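Data from input37.csv: CSV, C-alpha atoms
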chain,number,residue,atom,x,y,z
G,1,MET,CA,15.9,-8.2,12.2
G,2,SER,CA,14.6,-6.7,15.5
G,3,ASP,CA,11.2,-5.1,15.3
G,4,SER,CA,12.7,-1.7,16.3
G,5,ASP,CA,16.4,-1.7,15.0
G,6,GLY,CA,16.9,1.7,13.3
G,7,PHE,CA,13.3,2.8,13.9
G,8,ASP,CA,12.4,6.2,15.6
G,9,LEU,CA,8.7,6.5,16.4
G,10,ASP,CA,9.0,10.2,17.2
G,11,GLU,CA,10.5,10.9,13.7
G,12,TYR,CA,7.9,8.7,12.0
G,13,LEU,CA,4.9,10.4,13.6
G,14,ALA,CA,6.4,13.9,13.1
G,15,HIS,CA,6.9,13.1,9.4
G,16,LEU,CA,3.2,12.2,9.1
G,17,GLY,CA,2.2,15.3,11.0
G,18,TRP,CA,0.5,13.1,13.7
G,19,ALA,CA,0.0,15.0,16.9
G,20,GLY,CA,-2.8,12.8,18.4
G,21,GLU,CA,-2.7,10.3,21.2
G,22,ARG,CA,-0.3,7.5,21.2
G,23,ARG,CA,-2.6,4.9,22.7
G,24,PRO,CA,-3.3,1.5,21.2
G,25,ASP,CA,-6.9,2.2,20.4
G,26,THR,CA,-9.0,2.3,17.3
G,27,ALA,CA,-8.9,6.1,17.0
G,28,THR,CA,-5.1,6.1,17.0
G,29,LEU,CA,-5.0,3.2,14.6
G,30,LYS,CA,-7.2,4.9,12.1
G,31,GLY,CA,-5.6,8.3,12.5
G,32,VAL,CA,-2.0,7.1,12.0
G,33,HIS,CA,-3.0,4.9,9.1
G,34,LEU,CA,-4.7,7.8,7.3
G,35,ALA,CA,-1.8,10.1,8.0
G,36,HIS,CA,0.6,7.6,6.6
G,37,MET,CA,-1.5,7.2,3.4
G,38,ARG,CA,-1.4,11.0,2.9
G,39,GLY,CA,2.2,11.5,4.1
G,40,ILE,CA,4.2,8.9,2.1
G,41,PRO,CA,3.8,8.4,-1.6
G,42,PHE,CA,3.6,4.9,-3.3
G,43,GLU,CA,6.3,4.4,-5.9
G,44,ASN,CA,8.3,1.6,-7.6
G,45,LEU,CA,11.4,3.5,-8.8
G,46,ASP,CA,13.8,0.9,-7.4
G,47,ALA,CA,12.0,-2.0,-9.0
G,48,LEU,CA,11.9,-0.1,-12.3
G,49,ARG,CA,15.7,-0.3,-12.2
G,50,ARG,CA,15.5,-4.1,-11.3
G,51,THR,CA,16.8,-3.4,-7.8
G,52,ALA,CA,15.2,-4.9,-4.7
G,53,PRO,CA,14.7,-2.1,-2.1
G,54,SER,CA,16.1,-2.8,1.3
G,55,LEU,CA,13.5,-3.7,4.0
G,56,GLU,CA,15.8,-2.9,6.9
G,57,LEU,CA,14.3,-0.3,9.1
G,58,SER,CA,17.2,2.1,9.1
G,59,ASP,CA,17.1,2.1,5.3
G,60,LEU,CA,13.3,2.5,5.3
G,61,MET,CA,13.6,5.5,7.6
G,62,ALA,CA,16.3,7.0,5.4
G,63,LYS,CA,14.3,6.5,2.1
G,64,LEU,CA,10.7,7.0,3.1
G,65,LEU,CA,11.1,9.7,5.7
G,66,ARG,CA,14.4,11.6,5.2
G,67,SER,CA,14.5,11.8,1.4
G,68,ARG,CA,12.0,12.8,-1.3
G,69,ARG,CA,11.0,9.3,-2.1
G,70,GLY,CA,8.3,6.7,-1.3
G,71,GLY,CA,8.0,3.0,-1.6
G,72,TYR,CA,5.8,0.1,-2.4
G,73,CYS,CA,3.9,-2.4,-0.2
G,74,TYR,CA,6.7,-4.2,1.5
G,75,GLU,CA,8.4,-1.0,2.5
G,76,GLN,CA,5.2,0.9,3.4
G,77,ASN,CA,3.6,-1.9,5.5
G,78,THR,CA,6.9,-2.9,7.2
G,79,LEU,CA,7.2,0.7,8.4
G,80,LEU,CA,3.6,0.9,9.5
G,81,ALA,CA,3.7,-2.5,11.2
G,82,THR,CA,6.8,-1.4,13.2
G,83,ALA,CA,5.1,1.8,14.3
G,84,LEU,CA,1.9,0.1,15.3
G,85,ARG,CA,3.9,-2.5,17.4
G,86,ALA,CA,5.8,0.4,19.0
G,87,LEU,CA,2.4,2.0,19.9
G,88,GLY,CA,1.2,-1.3,21.6
G,89,PHE,CA,-0.8,-3.0,18.8
G,90,GLY,CA,-0.5,-6.6,17.8
G,91,VAL,CA,0.4,-7.0,14.2
G,92,THR,CA,0.4,-10.1,11.9
G,93,LEU,CA,1.9,-9.9,8.4
G,94,LEU,CA,-0.3,-11.5,5.7
G,95,THR,CA,0.1,-12.1,2.0
G,96,ALA,CA,-2.6,-11.6,-0.6
G,97,ARG,CA,-3.2,-12.3,-4.3
G,98,VAL,CA,-4.0,-9.1,-6.2
G,99,VAL,CA,-7.1,-9.7,-8.3
G,100,VAL,CA,-7.6,-6.3,-9.9
G,101,GLY,CA,-7.7,-6.9,-13.6
G,102,THR,CA,-8.1,-10.7,-13.5
G,103,ASP,CA,-11.1,-13.0,-13.2
G,104,ARG,CA,-9.2,-15.9,-11.6
G,105,ILE,CA,-7.8,-15.6,-8.1
G,106,GLU,CA,-5.4,-18.5,-8.8
G,107,SER,CA,-3.8,-16.7,-11.8
G,108,ARG,CA,-1.8,-14.4,-9.5
G,109,PRO,CA,0.8,-15.4,-6.9
G,110,ARG,CA,0.6,-14.2,-3.3
G,111,THR,CA,2.9,-11.1,-3.6
G,112,HIS,CA,1.1,-8.3,-1.7
G,113,MET,CA,1.8,-7.6,1.9
G,114,THR,CA,-1.2,-6.6,4.1
G,115,LEU,CA,-1.6,-6.5,7.9
G,116,ARG,CA,-3.9,-7.9,10.5
G,117,VAL,CA,-4.0,-5.6,13.5
G,118,ASP,CA,-5.2,-6.5,17.0
G,119,VAL,CA,-6.3,-3.7,19.4
G,120,PRO,CA,-5.7,-4.5,23.0
G,121,GLY,CA,-9.1,-5.2,24.8
G,122,ASP,CA,-11.0,-5.4,21.4
G,123,PRO,CA,-11.9,-8.9,20.3
G,124,GLN,CA,-12.4,-7.6,16.7
G,125,PRO,CA,-9.2,-7.6,14.5
G,126,TYR,CA,-8.7,-5.0,11.7
G,127,LEU,CA,-7.2,-5.1,8.3
G,128,ALA,CA,-4.6,-2.3,7.7
G,129,ASP,CA,-2.8,-1.6,4.5
G,130,VAL,CA,-0.9,1.5,3.4
G,131,GLY,CA,0.9,-0.2,0.5
G,132,PHE,CA,-1.8,-1.0,-2.0
G,133,GLY,CA,-1.1,1.3,-4.9
G,134,ALA,CA,-4.7,1.6,-6.4
G,135,ILE,CA,-7.8,3.7,-6.1
G,136,GLY,CA,-9.4,0.8,-4.3
G,137,ALA,CA,-6.9,0.9,-1.4
G,138,LEU,CA,-7.9,1.3,2.2
G,139,LEU,CA,-7.5,4.8,3.6
G,140,GLU,CA,-8.3,3.7,7.2
G,141,PRO,CA,-8.2,0.2,8.7
G,142,VAL,CA,-11.5,-1.7,8.6
G,143,PRO,CA,-12.9,-4.4,10.9
G,144,LEU,CA,-12.0,-7.9,9.6
G,145,VAL,CA,-15.6,-9.1,9.6
G,146,LEU,CA,-18.2,-10.3,7.1
G,147,GLY,CA,-21.7,-9.1,6.6
G,148,GLY,CA,-21.5,-5.4,6.1
G,149,GLU,CA,-19.7,-2.5,4.4
G,150,PHE,CA,-17.3,0.0,5.9
G,151,GLU,CA,-16.6,3.7,5.1
G,152,ASP,CA,-13.0,4.6,5.5
G,153,ALA,CA,-12.3,8.3,5.1
G,154,GLY,CA,-14.8,8.5,2.2
G,155,ARG,CA,-14.1,5.2,0.5
G,156,ARG,CA,-16.3,2.1,0.9
G,157,HIS,CA,-15.1,-1.4,1.4
G,158,ARG,CA,-16.4,-4.8,2.4
G,159,PHE,CA,-15.2,-8.4,2.8
G,160,VAL,CA,-16.6,-11.5,1.1
G,161,ARG,CA,-15.6,-15.1,1.4
G,162,VAL,CA,-14.5,-16.9,-1.8
G,163,PRO,CA,-14.0,-20.6,-2.5
G,164,HIS,CA,-10.5,-22.0,-2.9
G,165,ARG,CA,-8.7,-25.4,-2.4
G,166,GLY,CA,-6.8,-24.6,0.8
G,167,PRO,CA,-7.7,-25.5,4.4
G,168,LEU,CA,-8.1,-21.8,5.5
G,169,GLU,CA,-10.9,-19.5,4.6
G,170,MET,CA,-10.2,-17.1,1.8
G,171,TRP,CA,-11.1,-13.5,2.3
G,172,MET,CA,-11.7,-11.0,-0.5
G,173,LEU,CA,-11.4,-7.2,0.0
G,174,GLU,CA,-13.8,-5.4,-2.3
G,175,ALA,CA,-14.0,-1.7,-3.0
G,176,TYR,CA,-17.1,0.2,-4.2
G,177,ILE,CA,-15.9,2.0,-7.4
G,178,ASP,CA,-18.0,3.5,-10.2
G,179,GLY,CA,-21.2,2.2,-8.8
G,180,SER,CA,-20.2,-1.5,-8.3
G,181,TRP,CA,-18.3,-3.7,-5.9
G,182,GLN,CA,-14.9,-4.5,-7.4
G,183,PRO,CA,-12.5,-7.2,-6.0
G,184,GLN,CA,-9.1,-5.9,-4.9
G,185,TYR,CA,-7.2,-8.8,-3.3
G,186,ALA,CA,-7.7,-12.2,-1.7
G,187,PHE,CA,-6.0,-13.5,1.4
G,188,THR,CA,-6.0,-16.0,4.2
G,189,LEU,CA,-5.1,-15.3,7.8
G,190,GLU,CA,-2.0,-17.5,7.7
G,191,PRO,CA,0.9,-15.5,9.4
G,192,PHE,CA,4.0,-14.7,7.3
G,193,GLU,CA,7.3,-13.4,8.6
G,194,HIS,CA,9.8,-10.7,7.6
G,195,VAL,CA,12.1,-13.3,6.0
G,196,ASP,CA,9.2,-14.4,3.7
G,197,PHE,CA,8.8,-10.9,2.3
G,198,GLU,CA,12.6,-10.6,1.7
G,199,VAL,CA,12.1,-13.3,-0.9
G,200,ILE,CA,8.9,-11.9,-2.3
G,201,ASN,CA,10.4,-8.4,-2.5
G,202,TRP,CA,13.4,-9.7,-4.4
G,203,HIS,CA,11.1,-11.6,-6.9
G,204,ILE,CA,8.8,-8.6,-7.6
G,205,ALA,CA,11.7,-6.1,-7.9
G,206,THR,CA,13.9,-8.2,-10.2
G,207,ASN,CA,11.7,-10.6,-12.2
G,208,PRO,CA,11.4,-9.2,-15.8
G,209,ARG,CA,7.8,-10.4,-15.9
G,210,SER,CA,6.8,-8.4,-12.8
G,211,PRO,CA,4.6,-5.4,-13.6
G,212,PHE,CA,6.7,-3.3,-11.3
G,213,THR,CA,9.9,-3.8,-13.4
G,214,GLN,CA,8.1,-2.8,-16.6
G,215,ARG,CA,6.4,0.5,-16.0
G,216,LEU,CA,6.4,3.5,-13.7
G,217,PHE,CA,3.7,3.3,-11.0
G,218,VAL,CA,3.3,6.1,-8.5
G,219,GLN,CA,0.4,7.1,-6.2
G,220,ARG,CA,-0.4,9.9,-3.9
G,221,VAL,CA,-3.4,10.5,-1.7
G,222,THR,CA,-4.6,13.9,-0.4
G,223,ALA,CA,-7.7,15.0,1.4
G,224,ASP,CA,-9.5,15.8,-1.8
G,225,ARG,CA,-7.9,13.7,-4.6
G,226,HIS,CA,-6.1,10.6,-5.6
G,227,LEU,CA,-3.2,10.9,-8.0
G,228,LEU,CA,-1.9,8.0,-10.1
G,229,LEU,CA,0.9,8.0,-12.6
G,230,HIS,CA,1.0,4.7,-14.6
G,231,GLY,CA,3.7,5.0,-17.2
G,232,SER,CA,3.1,8.3,-18.8
G,233,LEU,CA,-0.6,8.5,-18.0
G,234,LEU,CA,-1.5,10.8,-15.1
G,235,THR,CA,-5.0,10.3,-13.6
G,236,GLU,CA,-6.5,12.6,-11.0
G,237,THR,CA,-9.6,11.3,-9.2
G,238,TRP,CA,-11.3,14.0,-7.1
G,239,ALA,CA,-13.5,13.4,-4.0
G,240,ASP,CA,-16.6,14.5,-5.9
G,241,GLY,CA,-16.0,11.8,-8.5
G,242,GLN,CA,-14.5,13.9,-11.3
G,243,VAL,CA,-11.7,12.1,-13.2
G,244,HIS,CA,-9.1,13.9,-15.2
G,245,LYS,CA,-6.5,12.1,-17.4
G,246,ARG,CA,-3.6,13.3,-19.5
G,247,GLU,CA,-0.6,11.8,-21.2
G,248,LEU,CA,2.7,13.3,-20.1
G,249,ALA,CA,4.9,14.5,-22.9
G,250,ASP,CA,8.3,13.0,-22.2
G,251,GLU,CA,10.9,12.1,-19.6
G,252,ALA,CA,11.4,15.8,-18.5
G,253,ASP,CA,7.6,16.2,-18.0
G,254,VAL,CA,7.4,13.0,-16.0
G,255,ARG,CA,10.3,14.1,-13.8
G,256,ARG,CA,8.7,17.5,-13.3
G,257,VAL,CA,5.3,15.9,-12.3
G,258,LEU,CA,7.0,13.5,-9.9
G,259,ASP,CA,8.7,16.5,-8.2
G,260,GLU,CA,5.7,18.9,-8.1
G,261,GLU,CA,2.7,16.6,-7.7
G,262,PHE,CA,4.1,13.6,-5.8
G,263,GLY,CA,7.0,15.1,-3.9
G,264,ILE,CA,9.4,12.5,-5.4
G,265,GLU,CA,12.9,13.2,-6.6
G,266,ALA,CA,13.8,10.6,-9.1
G,267,PRO,CA,17.5,9.5,-9.2
G,268,GLU,CA,19.6,11.4,-11.7
G,269,GLY,CA,20.1,9.6,-15.0
G,270,MET,CA,17.3,7.1,-14.4
G,271,LYS,CA,15.1,6.3,-17.4
G,272,LEU,CA,11.5,6.7,-16.3
G,273,LEU,CA,9.6,5.7,-19.4
G,274,SER,CA,9.9,2.4,-21.2
Output the structure of this file as structure tokens.
Amino acid sequence: MSDSDGFDLDEYLAHLGWAGERRPDTATLKGVHLAHMRGIPFENLDALRRTAPSLELSDLMAKLLRSRRGGYCYEQNTLLATALRALGFGVTLLTARVVVGTDRIESRPRTHMTLRVDVPGDPQPYLADVGFGAIGALLEPVPLVLGGEFEDAGRRHRFVRVPHRGPLEMWMLEAYIDGSWQPQYAFTLEPFEHVDFEVINWHIATNPRSPFTQRLFVQRVTADRHLLLHGSLLTETWADGQVHKRELADEADVRRVLDEEFGIEAPEGMKLLS
């Protein structure tokens, strides 16, 4: 697949509402990343139907930009990577082990797509990721460096090194949540290719043991809150730290919330609750 087949940078940036500069610099990188996070919801509706979503750019444009839908990490980060390359950035696809909810890094396979981004003239690479459907997700790219913490649009992140048996150093992204640093995912800097993610995407979207085939998972980020729908539980986390949770009543209630709160139109006839 070509890096640009079926992709329209003008349409992508217009959908995000991005009217800033189109230079390959850190300001553009951060601005486009944040606009993407706020402009395209995270959702797993295809995987919930045991269908692997297409990662072809023409299909991603149709689904994520032209219809009332969103996507999960392979879709979101493929689209962002293509846009960043079109803007003049260097982008390397990476894979990560999600460690939220587990004590052992090795207990999870490498199934998450994240991005190393190189800014021309800047020796410091960045980690970018618009496809991590969790409260600990990056809102803006952060420098890929140890020894400090970073604020990205109100969230706090840092990197630590963790031991493992491989020849490459293992990085861990941590997020500061509820007064403590919490591990999010671990990765090495080994490059992966689009064809690798075709296989991973199929596995995650069709394996009956995959969490994405078992339960609805939808996320939306705005300037003042984070919305998460996990099964029938809707969680609103506000910028001031307030958290509101409520159980949705039934399929009709879930479909209404998807429409009104997330801007997502679920396919007709689809069962949304297990």
Expected answer as a compact mmCIF listing (two decimals) with C-alpha atoms, in the coordinates of the input: all residues with atoms within 12 Å of (-8.5, -4.8, 25.4), all atoms listed in the file:
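Printed below is part-v4.txt as written:
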# COMPACT_ATOMS: atom_id res chain seq x y z
CA ARG G 23 -2.60 4.90 22.70
CA PRO G 24 -3.30 1.50 21.20
CA ASP G 25 -6.90 2.20 20.40
CA THR G 26 -9.00 2.30 17.30
CA GLY G 88 1.20 -1.30 21.60
CA PHE G 89 -0.80 -3.00 18.80
CA GLY G 90 -0.50 -6.60 17.80
CA ASP G 118 -5.20 -6.50 17.00
CA VAL G 119 -6.30 -3.70 19.40
CA PRO G 120 -5.70 -4.50 23.00
CA GLY G 121 -9.10 -5.20 24.80
CA ASP G 122 -11.00 -5.40 21.40
CA PRO G 123 -11.90 -8.90 20.30
CA GLN G 124 -12.40 -7.60 16.70
CA PRO G 125 -9.20 -7.60 14.50
Please compute the atom CA of Val117 of chain G-atom CA of Pro141 of chain G distance, one decimal, in Å.
8.6 Å
I need the residue nearest Ala62 of chain G from this list: G:Thr222, G:Glu11, G:Ala186, G:Leu16. Use all atoms listed in the file for the distance.
G:Glu11
I'd like the contact shell of Leu127 of chain G - 12 Å cut-off, all atoms listed in the file, skipping same-chain residues fewer than 2 positions apart - returned as a count of residues only.
44
I'd like to know which of G:Glu43, G:Asp178, G:Asp10, G:Glu169 is closest to Arg22 of chain G, using all atoms listed in the file.
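Under the stated criterion, the closest residue is G:Asp10.
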Which residues are close to Arg69 of chain G, i.e. within 10 Å by only C-alpha atoms, leaving aside same-chain residues fewer than 2 positions away? Reply as a PDB file with C-alpha atoms, keeping the file's coordinate frame.
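Ended up saving to part.pdb:
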ATOM      1  CA  ILE G  40       4.200   8.900   2.100  1.00  0.00           C
ATOM      2  CA  PRO G  41       3.800   8.400  -1.600  1.00  0.00           C
ATOM      3  CA  PHE G  42       3.600   4.900  -3.300  1.00  0.00           C
ATOM      4  CA  GLU G  43       6.300   4.400  -5.900  1.00  0.00           C
ATOM      5  CA  ASN G  44       8.300   1.600  -7.600  1.00  0.00           C
ATOM      6  CA  LEU G  45      11.400   3.500  -8.800  1.00  0.00           C
ATOM      7  CA  ALA G  62      16.300   7.000   5.400  1.00  0.00           C
ATOM      8  CA  LYS G  63      14.300   6.500   2.100  1.00  0.00           C
ATOM      9  CA  LEU G  64      10.700   7.000   3.100  1.00  0.00           C
ATOM     10  CA  LEU G  65      11.100   9.700   5.700  1.00  0.00           C
ATOM     11  CA  ARG G  66      14.400  11.600   5.200  1.00  0.00           C
ATOM     12  CA  SER G  67      14.500  11.800   1.400  1.00  0.00           C
ATOM     13  CA  GLY G  71       8.000   3.000  -1.600  1.00  0.00           C
ATOM     14  CA  LEU G 258       7.000  13.500  -9.900  1.00  0.00           C
ATOM     15  CA  ASP G 259       8.700  16.500  -8.200  1.00  0.00           C
ATOM     16  CA  PHE G 262       4.100  13.600  -5.800  1.00  0.00           C
ATOM     17  CA  GLY G 263       7.000  15.100  -3.900  1.00  0.00           C
ATOM     18  CA  ILE G 264       9.400  12.500  -5.400  1.00  0.00           C
ATOM     19  CA  GLU G 265      12.900  13.200  -6.600  1.00  0.00           C
ATOM     20  CA  ALA G 266      13.800  10.600  -9.100  1.00  0.00           C
ATOM     21  CA  PRO G 267      17.500   9.500  -9.200  1.00  0.00           C
TER      22      PRO G 267
END
Surrounding residues of Ala249 of chain G excluding itself and chain neighbours under 3 positions, 10 Å, all atoms listed in the file, as a PDB file with C-alpha atoms, in the coordinates of the input:
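In the end it all went to selection.pdb:
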ATOM      1  CA  SER G 232       3.100   8.300 -18.800  1.00  0.00           C
ATOM      2  CA  LEU G 233      -0.600   8.500 -18.000  1.00  0.00           C
ATOM      3  CA  ARG G 246      -3.600  13.300 -19.500  1.00  0.00           C
ATOM      4  CA  ALA G 252      11.400  15.800 -18.500  1.00  0.00           C
ATOM      5  CA  ASP G 253       7.600  16.200 -18.000  1.00  0.00           C
ATOM      6  CA  VAL G 254       7.400  13.000 -16.000  1.00  0.00           C
TER       7      VAL G 254
END
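Remark: for Glu149 of chain G, the closest of the candidate residues G:Leu272, G:Val162, G:Ala175, G:Leu48 is G:Ala175 (distances computed over all atoms listed in the file).
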For atom CA of Glu268 of chain G and atom CA of Gln219 of chain G, quote the distance in Å rounded to one decimal.
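For atom CA of Glu268 of chain G relative to atom CA of Gln219 of chain G, the distance reads 20.4 Å.
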Considering only C-alpha atoms, state which residue in the set G:Met37, G:Ala239, G:Leu9, G:Ile200 is at the smallest distance from Leu55 of chain G.
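Closest to Leu55 of chain G of all the choices is G:Ile200.
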What's the separation between atom CA of Arg97 of chain G and atom CA of Gly31 of chain G, in Å to one decimal place?
26.7 Å
Counting all atoms listed in the file, the residue of G:Thr28, G:Ile135, G:Glu193, G:Ala223 that sits nearest Val100 of chain G:
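Checking each of G:Thr28, G:Ile135, G:Glu193, G:Ala223 against Val100 of chain G, counting all atoms listed in the file, the winner is G:Ile135.
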Tell me, as a list in words, which residues lie within 12 Å of segment 205-210 of chain G, counting only C-alpha atoms; anything in the same chain fewer than 4 positions away does not count.
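These residues fall inside the cut-off: Glu43, Asn44, Leu45, Asp46, Ala47, Leu48, Arg49, Arg50, Thr51, Ala52, Pro53, Ser54, Gly71, Tyr72, Cys73, Tyr74, Arg108, Pro109, Thr111, Phe197, Glu198, Val199, Ile200, Asn201, Gln214, Arg215 and Leu216 of chain G.
Minimum distance to Leu248 of chain G across G:Phe7, G:Leu227, G:Leu13, G:Leu273 (counting only C-alpha atoms) occurs at G:Leu273.
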Name the residues in contact with Lys245 of chain G at a cut-off of 7 Å, using all atoms listed in the file, excluding same-chain residues fewer than 5 positions from it; report them as a ChimeraX atom specification.
/G:233-236
